[in-house]
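The data block below is entry_18.csv; it holds CSV, C-alpha atoms.
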```
chain,number,residue,atom,x,y,z
A,1,MET,CA,14.9,-37.6,5.6
A,2,LYS,CA,16.1,-34.3,4.3
A,3,GLU,CA,14.7,-35.1,0.8
A,4,LYS,CA,11.3,-35.9,2.4
A,5,LYS,CA,11.3,-32.6,4.2
A,6,LYS,CA,11.9,-30.7,1.0
A,7,LYS,CA,9.2,-32.5,-0.9
A,8,LEU,CA,6.5,-32.1,1.6
A,9,PRO,CA,5.8,-28.4,1.0
A,10,TYR,CA,5.5,-29.1,-2.7
A,11,ILE,CA,3.1,-32.0,-2.2
A,12,ILE,CA,0.9,-29.8,0.1
A,13,LEU,CA,1.1,-27.0,-2.4
A,14,ILE,CA,0.1,-29.3,-5.3
A,15,PHE,CA,-2.9,-30.6,-3.3
A,16,ALA,CA,-4.0,-27.1,-2.4
A,17,VAL,CA,-3.8,-26.0,-6.0
A,18,ILE,CA,-5.8,-29.0,-7.2
A,19,PHE,CA,-8.4,-28.4,-4.5
A,20,LEU,CA,-8.7,-24.8,-5.4
A,21,MET,CA,-8.7,-25.4,-9.1
A,22,LEU,CA,-11.2,-28.3,-9.0
A,23,PRO,CA,-14.4,-26.2,-9.3
A,24,PHE,CA,-12.9,-24.3,-12.2
A,25,ILE,CA,-11.7,-27.4,-14.0
A,26,ALA,CA,-15.1,-29.1,-13.5
A,27,THR,CA,-16.8,-26.0,-14.9
A,28,LEU,CA,-14.4,-26.0,-17.9
A,29,VAL,CA,-14.8,-29.7,-18.6
A,30,TYR,CA,-18.6,-29.5,-18.3
A,31,SER,CA,-18.7,-26.6,-20.8
A,32,PHE,CA,-17.4,-29.0,-23.5
A,33,THR,CA,-20.0,-31.7,-22.9
A,34,VAL,CA,-23.2,-32.4,-24.7
A,35,GLY,CA,-24.8,-34.1,-21.6
A,36,TRP,CA,-23.5,-35.7,-18.4
A,37,THR,CA,-26.0,-38.0,-16.9
A,38,SER,CA,-23.8,-41.1,-16.3
A,39,LEU,CA,-20.2,-41.4,-14.9
A,40,ILE,CA,-18.7,-40.0,-18.1
A,41,PRO,CA,-20.1,-37.4,-20.5
A,42,SER,CA,-22.2,-38.7,-23.3
A,43,ASP,CA,-20.3,-36.6,-25.9
A,44,TRP,CA,-18.1,-33.6,-26.4
A,45,THR,CA,-18.8,-30.3,-28.3
A,46,LEU,CA,-17.5,-26.9,-28.9
A,47,LYS,CA,-21.0,-25.6,-29.7
A,48,TYR,CA,-21.5,-23.6,-26.5
A,49,TRP,CA,-18.1,-22.0,-26.8
A,50,VAL,CA,-18.7,-20.9,-30.4
A,51,GLN,CA,-22.2,-19.7,-29.4
A,52,ALA,CA,-20.8,-17.7,-26.4
A,53,LEU,CA,-17.8,-16.2,-28.3
A,54,THR,CA,-19.9,-15.1,-31.2
A,55,GLU,CA,-22.7,-13.7,-28.9
A,56,PRO,CA,-22.6,-9.9,-29.4
A,57,GLU,CA,-23.7,-9.2,-25.9
A,58,ILE,CA,-20.9,-10.9,-24.0
A,59,TRP,CA,-17.9,-8.5,-24.6
A,60,PRO,CA,-20.0,-5.3,-24.0
A,61,ALA,CA,-21.3,-7.0,-20.8
A,62,ILE,CA,-17.7,-7.7,-19.6
A,63,GLY,CA,-16.8,-4.1,-20.5
A,64,ARG,CA,-19.7,-2.7,-18.5
A,65,GLY,CA,-18.7,-4.9,-15.5
A,66,LEU,CA,-15.1,-3.5,-15.6
A,67,LEU,CA,-16.4,0.0,-16.1
A,68,ILE,CA,-18.6,0.0,-13.0
A,69,SER,CA,-15.7,-1.5,-11.0
A,70,ILE,CA,-13.3,1.4,-11.6
A,71,PRO,CA,-15.1,4.4,-9.8
A,72,PRO,CA,-15.7,2.5,-6.5
A,73,ILE,CA,-12.2,1.1,-6.4
A,74,LEU,CA,-10.7,4.6,-7.0
A,75,ILE,CA,-12.9,6.4,-4.5
A,76,CYS,CA,-12.5,3.7,-1.8
A,77,ASN,CA,-8.7,3.6,-2.2
A,78,VAL,CA,-8.3,7.3,-2.0
A,79,VAL,CA,-10.5,7.6,1.1
A,80,VAL,CA,-8.9,4.7,2.9
A,81,ILE,CA,-5.3,5.7,2.1
A,82,LEU,CA,-5.9,9.2,3.3
A,83,ALA,CA,-7.8,8.2,6.4
A,84,LEU,CA,-5.3,5.5,7.4
A,85,TYR,CA,-2.3,7.7,6.6
A,86,THR,CA,-3.6,10.5,8.8
A,87,ALA,CA,-4.4,8.0,11.6
A,88,VAL,CA,-1.0,6.3,11.4
A,89,ILE,CA,1.0,9.6,11.3
A,90,HIS,CA,-1.1,11.9,13.5
A,91,TYR,CA,-3.9,10.2,15.4
A,92,GLU,CA,-3.1,6.6,16.3
A,93,TRP,CA,-6.2,6.3,18.5
A,94,MET,CA,-8.4,6.8,15.4
A,95,GLU,CA,-7.1,3.6,13.8
A,96,LYS,CA,-9.4,1.4,15.9
A,97,ILE,CA,-12.4,3.5,14.9
A,98,ILE,CA,-11.5,3.3,11.2
A,99,GLN,CA,-11.0,-0.4,11.6
A,100,THR,CA,-14.5,-0.9,13.1
A,101,ILE,CA,-16.1,1.3,10.4
A,102,CYS,CA,-14.3,-0.5,7.6
A,103,MET,CA,-15.1,-4.0,9.0
A,104,ILE,CA,-18.9,-3.4,9.4
A,105,PRO,CA,-19.6,-4.2,5.7
A,106,ASN,CA,-18.2,-7.7,6.3
A,107,SER,CA,-21.4,-8.5,8.2
A,108,LEU,CA,-23.7,-6.6,5.8
A,109,LYS,CA,-24.1,-8.6,2.7
A,110,GLY,CA,-25.2,-7.1,-0.6
A,111,ILE,CA,-29.0,-7.5,-0.1
A,112,ILE,CA,-28.8,-5.9,3.4
A,113,ILE,CA,-27.0,-2.8,2.1
A,114,ALA,CA,-28.9,-2.5,-1.2
A,115,ILE,CA,-32.5,-2.6,0.0
A,116,PRO,CA,-32.3,0.2,2.7
A,117,VAL,CA,-30.3,2.4,0.3
A,118,LEU,CA,-32.8,1.9,-2.4
A,119,SER,CA,-35.8,2.7,-0.2
A,120,LEU,CA,-34.0,5.7,1.3
A,121,TYR,CA,-32.8,7.4,-1.9
A,122,ALA,CA,-35.0,6.1,-4.7
A,123,GLY,CA,-37.0,9.0,-6.0
A,124,SER,CA,-34.8,11.5,-4.3
A,125,PRO,CA,-34.3,14.6,-6.5
A,126,SER,CA,-30.6,14.8,-5.4
A,127,ILE,CA,-27.8,13.1,-7.3
A,128,LEU,CA,-28.0,10.3,-4.8
A,129,GLY,CA,-31.3,9.3,-6.4
A,130,ASN,CA,-29.4,8.4,-9.6
A,131,ARG,CA,-29.2,4.6,-9.8
A,132,MET,CA,-25.7,4.5,-11.1
A,133,VAL,CA,-24.5,6.9,-8.3
A,134,MET,CA,-26.3,4.7,-5.8
A,135,LEU,CA,-24.6,1.6,-7.3
A,136,VAL,CA,-21.1,3.1,-7.1
A,137,CYS,CA,-21.7,4.2,-3.5
A,138,ILE,CA,-22.9,0.8,-2.4
A,139,TYR,CA,-20.0,-0.9,-4.1
A,140,CYS,CA,-17.7,1.6,-2.2
A,141,ILE,CA,-19.1,0.3,1.0
A,142,SER,CA,-19.1,-3.4,0.0
A,143,ILE,CA,-15.4,-3.4,-1.0
A,144,LEU,CA,-14.3,-1.3,2.1
A,145,PRO,CA,-13.1,-4.3,4.1
A,146,PHE,CA,-10.8,-5.6,1.3
A,147,VAL,CA,-9.4,-2.2,0.6
A,148,TYR,CA,-8.9,-1.4,4.3
A,149,GLN,CA,-7.2,-4.7,5.0
A,150,GLY,CA,-4.8,-4.5,2.1
A,151,ILE,CA,-3.8,-0.9,2.7
A,152,ARG,CA,-3.5,-1.3,6.5
A,153,ASN,CA,-1.2,-4.3,6.2
A,154,ASN,CA,0.9,-2.4,3.7
A,155,LEU,CA,1.2,0.8,5.7
A,156,HIS,CA,2.3,-1.1,8.8
A,157,GLY,CA,4.6,-3.3,6.8
A,158,ILE,CA,6.6,-0.3,5.5
A,159,ASN,CA,6.9,1.5,8.8
A,160,VAL,CA,5.4,4.6,7.4
A,161,LYS,CA,6.1,6.9,10.4
A,162,GLN,CA,9.8,6.3,10.3
A,163,LEU,CA,10.1,6.7,6.5
A,164,ILE,CA,8.3,10.1,6.8
A,165,GLU,CA,10.6,11.2,9.6
A,166,ALA,CA,13.6,10.2,7.6
A,167,ALA,CA,12.4,12.1,4.6
A,168,GLU,CA,11.6,15.2,6.7
A,169,ILE,CA,15.1,15.1,8.3
A,170,LEU,CA,16.5,15.1,4.8
A,171,GLY,CA,14.5,18.2,3.9
A,172,ALA,CA,11.3,16.8,2.3
A,173,GLY,CA,7.8,18.1,3.1
A,174,LYS,CA,5.1,15.7,4.4
A,175,LEU,CA,3.2,15.8,1.1
A,176,TYR,CA,6.3,15.3,-1.0
A,177,ALA,CA,7.4,12.4,1.2
A,178,PHE,CA,3.9,10.9,0.9
A,179,CYS,CA,3.9,11.1,-2.9
A,180,ARG,CA,7.5,10.1,-3.5
A,181,ILE,CA,8.2,7.5,-0.8
A,182,ILE,CA,5.0,6.2,0.8
A,183,LEU,CA,2.7,5.8,-2.2
A,184,PRO,CA,5.3,3.9,-4.4
A,185,ASN,CA,5.9,1.6,-1.4
A,186,MET,CA,2.2,1.0,-1.0
A,187,MET,CA,1.5,0.0,-4.6
A,188,ALA,CA,1.7,-3.7,-3.9
A,189,GLY,CA,-1.0,-3.4,-1.2
A,190,ILE,CA,-3.1,-1.1,-3.3
A,191,LEU,CA,-2.9,-3.5,-6.3
A,192,VAL,CA,-3.8,-6.6,-4.3
A,193,SER,CA,-6.8,-4.9,-2.6
A,194,SER,CA,-7.9,-3.4,-5.9
A,195,LEU,CA,-7.8,-6.8,-7.6
A,196,ILE,CA,-9.8,-8.4,-4.8
A,197,SER,CA,-12.3,-5.6,-5.0
A,198,LEU,CA,-12.5,-5.9,-8.8
A,199,SER,CA,-13.3,-9.6,-8.6
A,200,SER,CA,-15.9,-8.9,-5.9
A,201,ILE,CA,-17.6,-6.2,-8.0
A,202,PHE,CA,-17.2,-8.1,-11.2
A,203,GLY,CA,-18.8,-11.1,-9.6
A,204,ASP,CA,-21.7,-9.2,-8.0
A,205,PHE,CA,-25.2,-9.9,-9.0
A,206,THR,CA,-27.3,-9.2,-6.0
A,207,ILE,CA,-26.6,-5.5,-5.6
A,208,LEU,CA,-26.8,-4.9,-9.3
A,209,LYS,CA,-30.1,-6.6,-9.7
A,210,ILE,CA,-31.7,-4.7,-6.7
A,211,ILE,CA,-30.4,-1.3,-7.7
A,212,VAL,CA,-30.4,-1.1,-11.5
A,213,GLY,CA,-32.3,-4.2,-12.5
A,214,ASN,CA,-31.9,-5.1,-16.2
A,215,ARG,CA,-30.9,-1.6,-17.2
A,216,TYR,CA,-27.2,-2.2,-16.8
A,217,GLU,CA,-26.3,-5.7,-18.0
A,218,THR,CA,-23.0,-6.9,-16.8
A,219,ILE,CA,-21.7,-10.4,-17.3
A,220,GLN,CA,-23.3,-11.6,-14.1
A,221,MET,CA,-26.7,-10.2,-15.2
A,222,LEU,CA,-26.2,-11.9,-18.6
A,223,LEU,CA,-25.6,-15.1,-16.7
A,224,TYR,CA,-28.7,-14.6,-14.7
A,225,ASN,CA,-30.8,-13.9,-17.8
A,226,SER,CA,-29.4,-16.9,-19.5
A,227,ARG,CA,-30.3,-19.3,-16.6
A,228,LEU,CA,-33.1,-20.8,-18.6
A,229,ILE,CA,-30.6,-21.6,-21.4
A,230,VAL,CA,-28.6,-24.8,-21.1
A,231,LEU,CA,-26.2,-25.1,-18.2
A,232,GLN,CA,-23.1,-25.6,-20.4
A,233,TYR,CA,-23.6,-22.1,-21.9
A,234,GLN,CA,-23.6,-20.7,-18.4
A,235,CYS,CA,-20.4,-22.6,-17.7
A,236,VAL,CA,-18.7,-21.0,-20.7
A,237,ILE,CA,-19.7,-17.5,-19.3
A,238,VAL,CA,-18.3,-18.4,-15.9
A,239,VAL,CA,-15.0,-19.6,-17.4
A,240,ILE,CA,-14.8,-16.4,-19.6
A,241,THR,CA,-15.4,-14.3,-16.4
A,242,PHE,CA,-12.7,-16.1,-14.5
A,243,VAL,CA,-10.2,-15.9,-17.4
A,244,VAL,CA,-10.8,-12.1,-17.9
A,245,THR,CA,-10.2,-11.5,-14.2
A,246,TRP,CA,-7.1,-13.6,-14.2
A,247,ILE,CA,-5.7,-11.9,-17.3
A,248,LEU,CA,-6.3,-8.5,-15.8
A,249,SER,CA,-4.5,-9.5,-12.6
A,250,GLN,CA,-1.6,-11.0,-14.5
A,251,ILE,CA,-1.2,-7.8,-16.6
A,252,ILE,CA,-1.2,-5.6,-13.4
A,253,PHE,CA,1.3,-7.9,-11.6
A,254,LYS,CA,3.6,-8.1,-14.7
A,255,LEU,CA,3.6,-4.3,-15.0
A,256,GLN,CA,4.5,-3.9,-11.4
A,257,ASN,CA,7.3,-6.5,-11.6
A,258,ARG,CA,8.7,-4.8,-14.7
A,259,LYS,CA,8.8,-1.5,-12.8
A,260,LYS,CA,10.6,-3.1,-9.9
A,261,LYS,CA,13.2,-4.7,-12.1
A,262,ARG,CA,13.9,-1.3,-13.7
B,1,MET,CA,27.8,30.9,23.5
B,2,ALA,CA,28.0,27.2,22.6
B,3,PHE,CA,27.3,25.9,19.1
B,4,ILE,CA,24.4,23.8,20.3
B,5,GLU,CA,22.5,24.8,23.5
B,6,PHE,CA,19.7,23.0,25.3
B,7,ARG,CA,18.2,25.3,27.9
B,8,ASP,CA,15.9,23.9,30.6
B,9,ILE,CA,14.3,21.3,28.3
B,10,HIS,CA,11.1,19.6,29.5
B,11,LYS,CA,9.2,17.0,27.6
B,12,TYR,CA,6.0,15.3,28.7
B,13,PHE,CA,4.2,12.4,27.0
B,14,GLY,CA,0.8,12.7,28.6
B,15,GLU,CA,1.5,12.3,32.3
B,16,ALA,CA,5.0,11.0,31.8
B,17,HIS,CA,7.7,13.6,32.4
B,18,VAL,CA,10.5,12.3,30.2
B,19,LEU,CA,13.0,15.2,30.0
B,20,LYS,CA,13.3,17.0,33.3
B,21,GLY,CA,15.1,20.4,32.8
B,22,ILE,CA,18.0,19.3,30.5
B,23,ASN,CA,20.8,21.9,30.2
B,24,LEU,CA,23.6,21.0,27.8
B,25,ASP,CA,26.2,23.0,25.8
B,26,ILE,CA,28.0,21.4,22.9
B,27,GLU,CA,30.8,23.2,21.0
B,28,GLU,CA,31.3,23.0,17.3
B,29,GLY,CA,33.2,19.8,16.3
B,30,GLU,CA,32.8,18.3,19.7
B,31,PHE,CA,32.0,14.5,19.7
B,32,VAL,CA,29.2,13.8,22.3
B,33,THR,CA,27.8,10.5,23.4
B,34,LEU,CA,24.6,10.3,25.4
B,35,LEU,CA,24.6,7.2,27.6
B,36,GLY,CA,21.9,5.9,29.8
B,37,PRO,CA,19.4,3.1,30.5
B,38,SER,CA,16.6,2.3,28.2
B,39,GLY,CA,13.8,4.8,28.5
B,40,CYS,CA,15.8,7.6,30.1
B,41,GLY,CA,15.2,10.0,27.2
B,42,LYS,CA,18.3,9.9,25.0
B,43,SER,CA,16.3,9.4,21.8
B,44,THR,CA,13.7,11.8,22.9
B,45,LEU,CA,16.3,14.5,23.3
B,46,LEU,CA,17.8,13.8,19.9
B,47,ARG,CA,14.3,13.8,18.4
B,48,CYS,CA,13.6,17.2,20.0
B,49,PHE,CA,16.9,18.5,18.6
B,50,SER,CA,16.1,17.3,15.1
B,51,GLY,CA,12.5,18.6,15.3
B,52,LEU,CA,10.7,15.3,15.1
B,53,GLU,CA,9.3,16.0,18.6
B,54,SER,CA,8.4,19.4,20.0
B,55,VAL,CA,9.6,20.3,23.5
B,56,THR,CA,7.0,21.1,26.2
B,57,GLU,CA,9.2,23.7,27.8
B,58,GLY,CA,12.6,25.2,27.2
B,59,GLU,CA,14.6,26.4,24.2
B,60,ILE,CA,17.1,24.9,21.8
B,61,TYR,CA,19.8,27.1,20.1
B,62,LEU,CA,21.9,26.2,17.1
B,63,ALA,CA,24.7,28.5,16.2
B,64,GLY,CA,23.0,31.3,18.2
B,65,THR,CA,19.6,30.8,16.5
B,66,ASN,CA,16.6,29.7,18.5
B,67,ILE,CA,15.4,26.6,16.5
B,68,THR,CA,12.9,25.5,19.1
B,69,ASN,CA,9.9,26.0,16.8
B,70,PHE,CA,11.6,25.2,13.5
B,71,SER,CA,10.4,22.3,11.4
B,72,PRO,CA,12.9,19.4,10.8
B,73,LYS,CA,13.4,20.7,7.2
B,74,GLN,CA,14.4,24.2,8.5
B,75,ARG,CA,16.8,22.8,11.0
B,76,LYS,CA,19.0,21.0,8.4
B,77,ILE,CA,20.1,18.4,10.9
B,78,SER,CA,21.1,14.9,9.7
B,79,MET,CA,20.3,11.7,11.5
B,80,VAL,CA,21.0,8.0,11.1
B,81,PHE,CA,18.0,6.2,12.4
B,82,GLN,CA,18.0,3.2,14.6
B,83,GLN,CA,16.1,1.2,12.0
B,84,TYR,CA,18.0,2.8,9.1
B,85,SER,CA,14.8,3.9,7.5
B,86,LEU,CA,16.1,3.6,3.9
B,87,PHE,CA,13.5,4.2,1.3
B,88,PRO,CA,12.8,0.7,-0.1
B,89,ASN,CA,11.6,2.0,-3.5
B,90,MET,CA,14.9,3.8,-4.2
B,91,THR,CA,18.3,2.4,-5.1
B,92,VAL,CA,21.3,2.9,-2.7
B,93,GLY,CA,22.4,5.8,-4.9
B,94,GLN,CA,18.9,7.4,-4.9
B,95,ASN,CA,18.7,7.0,-1.2
B,96,VAL,CA,22.1,8.8,-0.7
B,97,ALA,CA,21.1,11.5,-3.2
B,98,PHE,CA,17.7,12.2,-1.7
B,99,GLY,CA,18.9,14.8,0.8
B,100,LEU,CA,20.9,16.7,-1.8
B,101,GLN,CA,17.9,16.7,-4.2
B,102,MET,CA,15.8,18.2,-1.4
B,103,GLN,CA,18.4,21.0,-1.2
B,104,LYS,CA,18.0,21.5,-4.9
B,105,LYS,CA,21.7,20.9,-5.7
B,106,LYS,CA,22.8,20.5,-9.3
B,107,LYS,CA,22.6,17.1,-10.9
B,108,ASN,CA,26.3,16.8,-11.6
B,109,TYR,CA,27.2,17.8,-8.1
B,110,ILE,CA,24.8,15.2,-6.6
B,111,GLN,CA,26.2,12.5,-8.8
B,112,GLU,CA,29.8,13.3,-7.8
B,113,LYS,CA,28.9,13.6,-4.1
B,114,VAL,CA,27.0,10.3,-4.1
B,115,LYS,CA,29.8,8.5,-5.8
B,116,GLU,CA,32.4,10.0,-3.5
B,117,THR,CA,30.4,9.1,-0.4
B,118,LEU,CA,29.8,5.5,-1.6
B,119,ASP,CA,33.4,5.1,-2.6
B,120,ILE,CA,34.5,6.0,1.0
B,121,VAL,CA,32.4,3.1,2.4
B,122,GLY,CA,33.1,0.7,-0.5
B,123,LEU,CA,29.5,0.6,-1.7
B,124,SER,CA,30.1,2.1,-5.2
B,125,GLU,CA,29.2,-1.2,-6.9
B,126,LYS,CA,25.9,-1.3,-5.1
B,127,ILE,CA,24.8,2.2,-6.3
B,128,ASP,CA,22.0,0.8,-8.6
B,129,GLN,CA,20.9,-1.9,-6.2
B,130,TYR,CA,17.9,-1.7,-3.9
B,131,PRO,CA,18.9,-1.6,-0.2
B,132,ARG,CA,19.2,-5.2,0.9
B,133,GLU,CA,20.1,-6.2,4.4
B,134,PHE,CA,23.9,-6.4,3.9
B,135,VAL,CA,24.1,-2.8,2.7
B,136,ARG,CA,21.4,-1.2,4.8
B,137,ARG,CA,23.5,-0.1,7.7
B,138,THR,CA,26.3,1.4,5.6
B,139,ALA,CA,24.0,3.1,3.2
B,140,ALA,CA,22.0,4.5,6.0
B,141,ALA,CA,25.1,6.0,7.4
B,142,CYS,CA,26.0,7.5,4.0
B,143,ARG,CA,22.8,9.3,3.5
B,144,PRO,CA,23.3,12.1,6.1
B,145,GLY,CA,27.0,12.1,5.2
B,146,ALA,CA,26.3,13.1,1.7
B,147,SER,CA,23.5,15.6,2.5
B,148,ASP,CA,25.8,18.5,3.2
B,149,HIS,CA,24.2,19.2,6.6
B,150,ARG,CA,26.6,20.5,9.2
B,151,ARG,CA,25.4,18.3,12.1
B,152,ALA,CA,24.9,14.5,12.2
B,153,GLN,CA,23.5,12.4,15.0
B,154,SER,CA,22.7,8.8,15.4
B,155,ALA,CA,19.9,7.4,17.5
B,156,ALA,CA,21.7,4.2,18.3
B,157,PRO,CA,25.3,3.0,18.1
```
Could you write out this file's structure as structure tokens?
Amino acid sequence: MKEKKKKLPYIILIFAVIFLMLPFIATLVYSFTVGWTSLIPSDWTLKYWVQALTEPEIWPAIGRGLLISIPPILICNVVVILALYTAVIHYEWMEKIIQTICMIPNSLKGIIIAIPVLSLYAGSPSILGNRMVMLVCIYCISILPFVYQGIRNNLHGINVKQLIEAAEILGAGKLYAFCRIILPNMMAGILVSSLISLSSIFGDFTILKIIVGNRYETIQMLLYNSRLIVLQYQCVIVVITFVVTWILSQIIFKLQNRKKKR
Amino acid sequence: MAFIEFRDIHKYFGEAHVLKGINLDIEEGEFVTLLGPSGCGKSTLLRCFSGLESVTEGEIYLAGTNITNFSPKQRKISMVFQQYSLFPNMTVGQNVAFGLQMQKKKKNYIQEKVKETLDIVGLSEKIDQYPREFVRRTAAACRPGASDHRRAQSAAP
């Protein structure tokens, strides 16, 4: 009976992993097929992988995708951390307002944010009329719920008010305590929300297409432009996108764990 | 004049009148315990003394100096928190050394003092470990002990 109890969580976990990995495995398998019209594929090939990996456009497109993700993640993290920290320490009543503001983008999907912004600022002589600035600003809004949720949970998890009070009692200033104690303890939350934001921006196509069109070709745009090419080629791009995001997250987590062990 | 003096201390939290004219004199070296039911204002009085809460009315004197409007940093009062409040990103040794570092003491002095304090409570072996549950209470008690402050208070037994 005891053995059964021990095994059950593993069995559930294995099923969950299989269920979650199934779309990825199917995409991966399909990328190696020549055609799949019956129960099993007609033949296997590496042709699409060779084609994709030798395609000069792919790696710059991945780079552009990563590059456009960095400014919104940085801006959003700084704004949310400062706002939530101030609310938790000084104005607790403000937390509800911040929560409401940060959760609104959940109900506003890409197309709903992008079109009004475009019609409002396109042609504006100010810096907001610049398409890249517009894109960064919209991404800031779209990742707000992820960043908020990660940082909020983290701030409440570490009992920030008491840690600041303990540091103050021992002679530290508020700013010093924030930089030396609060920020290092928030790194896990910041990393998790940043990674979710990164995959959200990395995987975005709608906002990018509406705001900058074909002028800034990320991997998603490349995928869209290659939609008329065979499906297997698109599968290869999807797998590459997934692997790049996964490698990035692994590197970040490894770095964090190494720091902890030290 | 007593070493610590509370003179007619009043504290309001919104409408709630928590401290109602507290007058208390404590001599240097005296061991004082505040006893009372939950919510009677024991912690609030300690927090007012350490500077974590401001008083609505009244004055607090420490060694003849009016510290009512001093920040916690200026008061140099140590405290063991009810929830320990050890810094999770620092080792036991770093936690104990924190107060001394804030006082800008020399590195050698800090190392010696930390070792000495941890020796007393038998935590020397845990100096490089992160504060886990079994050492939290003891390490929390060491932190103000090592910080060279003249007064220490605890918010709970």
Self-check item: Å distance separating CA of Gly64 (chain B) from CA of Phe3 (chain B), one decimal place
Solution: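 So the answer is 7.0 Å.
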Self-check item: Exercise answer, chain A residues close to chain B, 7 Å and only C-alpha atoms, as a PyMOL selection string
Solution: chain A and resi 162-163+165-166+168-172+181+184-185
Nearby residues (only C-alpha atoms) at most 9 Å from region 226-242 of chain A, same-chain spacing under 2 positions excluded, as an mmCIF file with C-alpha atoms, keeping the file's coordinate frame:
```cif
data_model
loop_
_atom_site.group_PDB
_atom_site.id
_atom_site.type_symbol
_atom_site.label_atom_id
_atom_site.label_comp_id
_atom_site.auth_asym_id
_atom_site.auth_seq_id
_atom_site.Cartn_x
_atom_site.Cartn_y
_atom_site.Cartn_z
ATOM 1 C CA PHE A 24 -12.900 -24.300 -12.200
ATOM 2 C CA THR A 27 -16.800 -26.000 -14.900
ATOM 3 C CA LEU A 28 -14.400 -26.000 -17.900
ATOM 4 C CA TYR A 30 -18.600 -29.500 -18.300
ATOM 5 C CA SER A 31 -18.700 -26.600 -20.800
ATOM 6 C CA PHE A 32 -17.400 -29.000 -23.500
ATOM 7 C CA THR A 33 -20.000 -31.700 -22.900
ATOM 8 C CA VAL A 34 -23.200 -32.400 -24.700
ATOM 9 C CA GLY A 35 -24.800 -34.100 -21.600
ATOM 10 C CA LYS A 47 -21.000 -25.600 -29.700
ATOM 11 C CA TYR A 48 -21.500 -23.600 -26.500
ATOM 12 C CA TRP A 49 -18.100 -22.000 -26.800
ATOM 13 C CA GLN A 51 -22.200 -19.700 -29.400
ATOM 14 C CA ALA A 52 -20.800 -17.700 -26.400
ATOM 15 C CA ILE A 58 -20.900 -10.900 -24.000
ATOM 16 C CA ILE A 62 -17.700 -7.700 -19.600
ATOM 17 C CA SER A 199 -13.300 -9.600 -8.600
ATOM 18 C CA PHE A 202 -17.200 -8.100 -11.200
ATOM 19 C CA GLY A 203 -18.800 -11.100 -9.600
ATOM 20 C CA ILE A 219 -21.700 -10.400 -17.300
ATOM 21 C CA GLN A 220 -23.300 -11.600 -14.100
ATOM 22 C CA MET A 221 -26.700 -10.200 -15.200
ATOM 23 C CA LEU A 222 -26.200 -11.900 -18.600
ATOM 24 C CA LEU A 223 -25.600 -15.100 -16.700
ATOM 25 C CA TYR A 224 -28.700 -14.600 -14.700
ATOM 26 C CA VAL A 244 -10.800 -12.100 -17.900
ATOM 27 C CA THR A 245 -10.200 -11.500 -14.200
ATOM 28 C CA TRP A 246 -7.100 -13.600 -14.200
ATOM 29 C CA ILE A 247 -5.700 -11.900 -17.300
#
```
Practice problem: May I ask which of the residues A:Leu155, A:Leu191, A:Leu135, A:Val80 is the closest one to Gly213 (chain A), counting all atoms listed in the file? | Solution: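 Of A:Leu155, A:Leu191, A:Leu135, A:Val80, the one nearest Gly213 (chain A) is A:Leu135, counting all atoms listed in the file.
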Practice problem: List the residues sitting within 12 Å of (10.4, 2.7, 33.0) in the file's frame, using only C-alpha atoms, as a PyMOL selection string. | Solution: chain B and resi 16-18+37-41
Exercise. Considering all atoms listed in the file, return as a list in words whatever protein or nucleic-acid residues lie within 9 Å of Val55 (chain B), sequence-local ones (same chain, fewer than 4 positions apart) excluded.
Key: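 In the requested format, the answer is Ile9, His10, Lys11, Tyr12, Leu19, Leu45, Cys48, Phe49, Gly51, Glu59, Ile60, Thr68 and Asn69 of chain B.
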Practice problem: Record the distance separating CA of Val160 (chain A) and CA of Ile89 (chain A), expressed in Å with one decimal. | Solution: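 Interatomic distance here is 7.7 Å.
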Exercise. Excluding Asn153 (chain A) and residues on its chain fewer than 5 positions from it, collect all residues at most 10 Å away from it, counting all atoms listed in the file, and give them as a list in words.
Key: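 What passes the distance filter is Tyr148, Ile158, Met186 and Gly189 of chain A.
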Quiz prompt | Two-atom distance - CA of Ile138 (chain A), CA of Ile113 (chain A) (Å) | solution =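 Answer for the CA of Ile138 (chain A) to CA of Ile113 (chain A) separation: 7.1 Å.
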Since the input is missing atoms, can you rebuild N, CA, C and O atoms for region 35-39 of chain B and write them as a compact mmCIF listing (two decimals), in the frame of the given file?
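Saved result, selection-v8.txt, follows:
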```
# COMPACT_ATOMS: atom_id res chain seq x y z
N LEU B 35 24.71 8.56 27.07
CA LEU B 35 24.60 7.20 27.60
C LEU B 35 23.57 7.15 28.71
O LEU B 35 23.44 8.08 29.49
N GLY B 36 22.86 6.06 28.76
CA GLY B 36 21.90 5.90 29.80
C GLY B 36 21.02 4.71 29.63
O GLY B 36 21.02 4.14 28.53
N PRO B 37 20.29 4.29 30.66
CA PRO B 37 19.40 3.10 30.50
C PRO B 37 18.29 3.34 29.54
O PRO B 37 17.97 4.49 29.23
N SER B 38 17.70 2.25 29.11
CA SER B 38 16.60 2.30 28.20
C SER B 38 15.43 3.14 28.78
O SER B 38 15.08 2.96 29.95
N GLY B 39 14.90 4.05 28.02
CA GLY B 39 13.80 4.80 28.50
C GLY B 39 14.14 6.09 29.25
O GLY B 39 13.26 6.77 29.81
```
